[in-house]
>>> print(open('target_2.txt').read())   # compact mmCIF, C-alpha atoms
# COMPACT_ATOMS: atom_id res chain seq x y z
CA MET A 1 -27.71 14.93 3.11
CA THR A 2 -28.62 15.28 -0.57
CA THR A 3 -26.19 16.02 -3.35
CA ALA A 4 -27.22 18.62 -5.92
CA THR A 5 -27.67 17.25 -9.41
CA PRO A 6 -25.13 18.79 -11.83
CA SER A 7 -26.64 21.20 -14.32
CA ARG A 8 -26.52 20.47 -18.04
CA ARG A 9 -23.73 23.03 -18.45
CA GLU A 10 -21.72 21.37 -15.65
CA ARG A 11 -22.23 17.93 -17.19
CA LEU A 12 -21.12 19.15 -20.61
CA ARG A 13 -18.06 20.83 -19.10
CA ALA A 14 -17.11 17.64 -17.22
CA GLU A 15 -17.57 15.59 -20.40
CA THR A 16 -15.39 18.00 -22.40
CA ILE A 17 -12.65 17.91 -19.74
CA ALA A 18 -12.75 14.10 -19.84
CA ASP A 19 -12.54 14.18 -23.66
CA ILE A 20 -9.53 16.51 -23.52
CA LYS A 21 -7.74 14.26 -21.02
CA ASP A 22 -8.55 11.17 -23.09
CA ALA A 23 -7.17 12.83 -26.21
CA ALA A 24 -3.98 13.80 -24.39
CA ARG A 25 -3.54 10.27 -23.10
CA ARG A 26 -4.04 8.81 -26.59
CA LEU A 27 -1.33 11.11 -27.89
CA LEU A 28 0.88 10.05 -25.00
CA VAL A 29 0.38 6.35 -25.70
CA THR A 30 0.86 6.60 -29.47
CA GLY A 31 3.67 9.16 -29.56
CA GLY A 32 5.15 9.45 -26.08
CA PRO A 33 5.27 12.56 -23.86
CA THR A 34 6.69 14.69 -26.68
CA ALA A 35 3.50 14.14 -28.74
CA ILE A 36 1.29 16.02 -26.27
CA SER A 37 0.47 19.52 -27.47
CA LEU A 38 -2.54 21.82 -27.18
CA ARG A 39 -2.85 22.05 -30.95
CA ALA A 40 -2.95 18.26 -31.40
CA ILE A 41 -5.41 17.81 -28.52
CA ALA A 42 -7.69 20.54 -29.84
CA ARG A 43 -7.70 18.94 -33.29
CA ASP A 44 -8.60 15.57 -31.75
CA VAL A 45 -11.59 16.86 -29.73
CA GLY A 46 -12.83 19.34 -32.35
CA LEU A 47 -11.93 22.56 -30.53
CA THR A 48 -9.56 25.38 -31.27
CA ALA A 49 -6.37 25.55 -29.23
CA PRO A 50 -7.44 28.85 -27.58
CA ALA A 51 -10.75 27.20 -26.58
CA LEU A 52 -8.85 24.70 -24.44
CA TYR A 53 -7.98 27.56 -22.09
CA ARG A 54 -11.62 27.59 -20.98
CA TYR A 55 -10.93 24.21 -19.39
CA PHE A 56 -7.24 24.31 -18.45
CA ASP A 57 -4.94 27.24 -17.76
CA GLY A 58 -2.42 25.83 -20.19
CA LEU A 59 -0.42 22.76 -21.13
CA ASP A 60 1.23 22.67 -17.67
CA ALA A 61 -2.14 22.43 -15.94
CA LEU A 62 -3.40 19.77 -18.35
CA VAL A 63 -0.32 17.60 -17.94
CA LEU A 64 -0.48 17.92 -14.15
CA ALA A 65 -4.12 16.82 -14.23
CA ILE A 66 -3.24 13.81 -16.38
CA VAL A 67 -0.36 12.80 -14.12
CA SER A 68 -2.60 13.13 -11.07
CA ASP A 69 -5.17 10.87 -12.78
CA LEU A 70 -2.46 8.34 -13.63
CA PHE A 71 -1.28 8.22 -10.02
CA GLU A 72 -4.88 7.64 -8.97
CA ASP A 73 -5.18 4.83 -11.53
CA LEU A 74 -2.01 3.26 -10.19
CA ARG A 75 -3.12 3.76 -6.58
CA THR A 76 -6.46 2.07 -7.26
CA THR A 77 -4.68 -0.83 -8.95
CA VAL A 78 -2.38 -1.61 -6.02
CA GLN A 79 -5.14 -0.96 -3.46
CA ASP A 80 -7.41 -3.45 -5.23
CA ILE A 81 -4.58 -5.99 -5.16
CA ALA A 82 -4.21 -5.46 -1.41
CA ALA A 83 -7.94 -6.03 -1.00
CA ASP A 84 -7.82 -9.19 -3.11
CA HIS A 85 -5.22 -10.60 -0.69
CA ALA A 86 -6.80 -9.23 2.49
CA GLY A 87 -6.54 -12.58 4.29
CA GLU A 88 -2.76 -12.81 3.88
CA GLU A 89 0.04 -11.41 6.04
CA ALA A 90 0.70 -7.70 5.61
CA LEU A 91 4.20 -8.08 4.15
CA THR A 92 2.92 -10.74 1.73
CA ARG A 93 0.30 -8.22 0.60
CA ILE A 94 3.00 -5.61 0.08
CA ALA A 95 4.85 -8.08 -2.13
CA HIS A 96 1.70 -8.62 -4.21
CA MET A 97 1.26 -4.84 -4.45
CA ALA A 98 4.85 -4.38 -5.61
CA ARG A 99 4.29 -6.98 -8.33
CA GLY A 100 1.14 -5.11 -9.32
CA PHE A 101 3.13 -1.90 -9.59
CA ARG A 102 5.60 -3.61 -11.93
CA ARG A 103 2.82 -5.10 -14.07
CA TRP A 104 1.09 -1.71 -14.36
CA ALA A 105 4.34 -0.02 -15.35
CA LEU A 106 5.10 -2.62 -18.02
CA ALA A 107 1.53 -2.40 -19.37
CA HIS A 108 1.64 1.43 -19.46
CA PRO A 109 5.20 2.39 -20.47
CA ALA A 110 4.24 5.77 -21.95
CA GLU A 111 2.23 6.72 -18.88
CA PHE A 112 5.06 5.55 -16.62
CA ALA A 113 7.50 7.67 -18.62
CA LEU A 114 5.34 10.76 -18.17
CA MET A 115 4.93 10.17 -14.43
CA PHE A 116 8.51 9.25 -13.62
CA GLY A 117 10.66 10.17 -16.57
CA SER A 118 10.31 12.16 -19.78
CA PRO A 119 8.94 15.72 -19.58
CA VAL A 120 6.59 17.28 -22.11
CA PRO A 121 8.13 20.00 -24.33
CA GLY A 122 6.95 23.40 -23.14
CA VAL A 123 5.89 22.13 -19.72
CA THR A 124 7.74 23.20 -16.60
CA PRO A 125 9.42 20.03 -15.21
CA PHE A 126 7.51 19.08 -12.09
CA SER A 127 9.77 16.26 -10.82
CA GLY A 128 7.16 15.27 -8.26
CA LEU A 129 7.39 18.66 -6.49
CA CYS A 130 4.16 20.36 -7.58
CA GLY A 131 1.29 20.37 -5.10
CA PRO A 132 -1.13 18.16 -7.08
CA ILE A 133 1.64 15.69 -7.85
CA VAL A 134 2.79 15.58 -4.22
CA ASP A 135 -0.79 14.91 -3.14
CA ALA A 136 -1.36 12.23 -5.77
CA GLY A 137 1.98 10.57 -5.03
CA ALA A 138 1.26 10.69 -1.29
CA ARG A 139 -2.06 8.92 -1.79
CA PHE A 140 -0.28 6.26 -3.82
CA GLY A 141 2.41 5.86 -1.15
CA GLU A 142 -0.20 5.65 1.58
CA THR A 143 -1.56 2.42 0.07
CA PHE A 144 1.76 0.78 0.96
CA PHE A 145 2.24 2.54 4.29
CA ALA A 146 -1.24 1.55 5.49
CA VAL A 147 -0.43 -2.13 4.98
CA LEU A 148 3.05 -1.71 6.45
CA GLY A 149 1.40 -0.15 9.49
CA GLU A 150 -0.69 -3.28 9.96
CA HIS A 151 2.49 -5.34 10.11
CA TYR A 152 4.10 -3.21 12.79
CA GLU A 153 0.92 -3.15 14.84
CA HIS A 154 1.34 -6.89 15.34
CA HIS A 155 5.15 -7.01 15.13
CA PRO A 156 6.57 -3.93 16.90
CA TYR A 157 9.93 -2.72 15.71
CA VAL A 158 12.83 -3.70 17.94
CA GLY A 159 15.64 -1.15 17.69
CA GLU A 160 19.02 -2.25 16.49
CA PRO A 161 22.26 -0.43 15.66
CA HIS A 162 22.08 1.62 12.50
CA ASP A 163 24.78 2.99 10.23
CA LEU A 164 23.30 6.49 10.48
CA PRO A 165 22.61 8.18 13.85
CA ASP A 166 19.06 9.32 14.64
CA ALA A 167 19.87 12.98 13.99
CA ALA A 168 21.22 12.17 10.53
CA LEU A 169 18.22 9.98 9.72
CA ARG A 170 15.82 12.67 10.93
CA GLU A 171 17.29 15.24 8.56
CA LEU A 172 17.70 12.77 5.71
CA LEU A 173 14.06 11.69 5.90
CA ARG A 174 12.55 15.11 6.65
CA PRO A 175 10.54 15.27 3.36
CA TYR A 176 8.97 11.91 4.24
CA THR A 177 8.01 12.90 7.78
CA GLU A 178 6.60 16.24 6.59
CA THR A 179 4.26 14.35 4.26
CA PHE A 180 3.48 11.15 6.15
CA GLY A 181 4.21 11.91 9.80
CA ASP A 182 6.11 9.79 12.32
CA ARG A 183 4.07 6.61 12.59
CA PHE A 184 7.15 4.44 11.88
CA PRO A 185 10.56 4.51 13.56
CA LEU A 186 13.09 6.25 11.32
CA PRO A 187 15.16 3.08 10.69
CA VAL A 188 11.99 1.41 9.36
CA VAL A 189 11.36 4.34 7.01
CA TYR A 190 14.98 4.18 5.87
CA LEU A 191 14.63 0.45 5.13
CA PHE A 192 11.45 1.05 3.15
CA VAL A 193 12.91 3.95 1.16
CA ALA A 194 16.07 1.97 0.36
CA ALA A 195 14.00 -1.05 -0.69
CA TRP A 196 11.66 1.07 -2.80
CA THR A 197 14.65 2.67 -4.51
CA ARG A 198 15.98 -0.74 -5.54
CA LEU A 199 12.63 -2.10 -6.68
CA TYR A 200 11.60 1.08 -8.49
CA GLY A 201 15.03 1.22 -10.11
CA ILE A 202 14.64 -2.27 -11.51
CA VAL A 203 11.14 -1.50 -12.82
CA ALA A 204 12.21 1.79 -14.40
CA MET A 205 15.21 0.23 -16.10
CA GLU A 206 13.02 -2.61 -17.37
CA VAL A 207 10.35 -0.23 -18.70
CA PHE A 208 12.93 1.93 -20.46
CA GLY A 209 14.77 -1.10 -21.84
CA HIS A 210 17.99 -0.37 -19.96
CA LEU A 211 18.56 -3.92 -18.75
CA ALA A 212 18.42 -5.66 -22.13
CA TRP A 213 22.22 -5.59 -22.27
CA ALA A 214 22.45 -7.68 -19.10
CA THR A 215 19.53 -10.07 -18.82
CA THR A 216 16.95 -11.85 -20.92
CA ASP A 217 14.37 -11.82 -18.11
CA VAL A 218 14.09 -9.11 -15.45
CA GLU A 219 11.37 -10.80 -13.40
CA PRO A 220 13.69 -13.17 -11.45
CA LEU A 221 15.92 -10.21 -10.58
CA PHE A 222 12.89 -8.28 -9.37
CA GLU A 223 11.68 -11.25 -7.32
CA VAL A 224 15.06 -11.65 -5.61
CA GLU A 225 15.07 -7.98 -4.59
CA LEU A 226 11.44 -8.21 -3.50
CA ALA A 227 12.17 -11.22 -1.28
CA ARG A 228 15.10 -9.33 0.24
CA THR A 229 12.82 -6.37 0.93
CA VAL A 230 10.25 -8.52 2.72
CA ARG A 231 12.98 -10.14 4.85
CA GLN A 232 14.39 -6.74 5.84
CA LEU A 233 11.01 -5.29 6.74
CA ALA A 234 10.20 -8.40 8.77
CA ARG A 235 13.30 -8.13 10.96
>>> encode(input="target_2.txt", output="structure tokens")
Amino acid sequence: MTTATPSRRERLRAETIADIKDAARRLLVTGGPTAISLRAIARDVGLTAPALYRYFDGLDALVLAIVSDLFEDLRTTVQDIAADHAGEEALTRIAHMARGFRRWALAHPAEFALMFGSPVPGVTPFSGLCGPIVDAGARFGETFFAVLGEHYEHHPYVGEPHDLPDAALRELLRPYTETFGDRFPLPVVYLFVAAWTRLYGIVAMEVFGHLAWATTDVEPLFEVELARTVRQLAR
């Protein structure tokens, strides 16, 4: 099956879209989410603000496209880490991937803030609920769930008493199952979600500087929580 070669017009359009996204990301990095505006982007790429509407429906659409790209960047980063450690145990790979997530977040604080924190003025807050963001976030999550699935293929989950009954867990985790299905027992999903909440919370507070009052080095705290997570998932 052959793939049609893009026309010159299509190539120019793709290049302009890439230039617009690059300009928006530069504004994000240098000034934070509040620096992103159509007027500033247009000035950077040599277009008028109205001309940008030939490429994006508005600032909302542009920001959603950037966030989707950032999730893909993050997904590729952690997936590459998993591949680099392909010969190691699945849960050990997940630990490496979690460390990679933290390193990416610390190296890209403005991007992390846009994805998980600060909104852009004039943009409808998406809070991870818009279709493209759900899809991009799901692809990122799948990198972890695929490796977790390898672990449970070789180490089947053995049920044990849980603080929440199955019916309560089923309702509590309904958004997860609607997106990812039922490949894991609900107590396993609950453990993963609880562990992710702790690890993500530490990373977010570190990125936003909210732990400076308590510790001089967040990494040991992160490593302790990461080790706890691996132990819980290995039970």
>>> closest_residue(input="target_2.txt", among="A:Leu27, A:Val218, A:Ala49, A:Val78", to="Arg139 in chain A", atoms="all atoms listed in the file")
A:Val78
>>> atom_distance(input="target_2.txt", atom1="CA of Phe192 in chain A", atom2="CA of Ala83 in chain A")
21.1 Å
>>> closest_residue(input="target_2.txt", among="A:Val63, A:Ala35, A:Ile17, A:Ala98", to="Leu47 in chain A", atoms="only C-alpha atoms")
A:Ile17
>>> closest_residue(input="target_2.txt", among="A:Ala90, A:Val158, A:Leu74, A:Val29", to="Phe140 in chain A", atoms="all atoms listed in the file")
A:Leu74
>>> atom_distance(input="target_2.txt", atom1="CA of Pro109 in chain A", atom2="CA of Val207 in chain A")
6.0 Å
>>> residues_around(input="target_2.txt", residues="Asp22 in chain A", least_positions_apart="4", cutoff="10 Å", atoms="only C-alpha atoms", output="PyMOL selection string")
chain A and resi 16-18+26-28+41+44-45+66
>>> atom_distance(input="target_2.txt", atom1="CA of Arg75 in chain A", atom2="CA of Thr143 in chain A")
7.0 Å
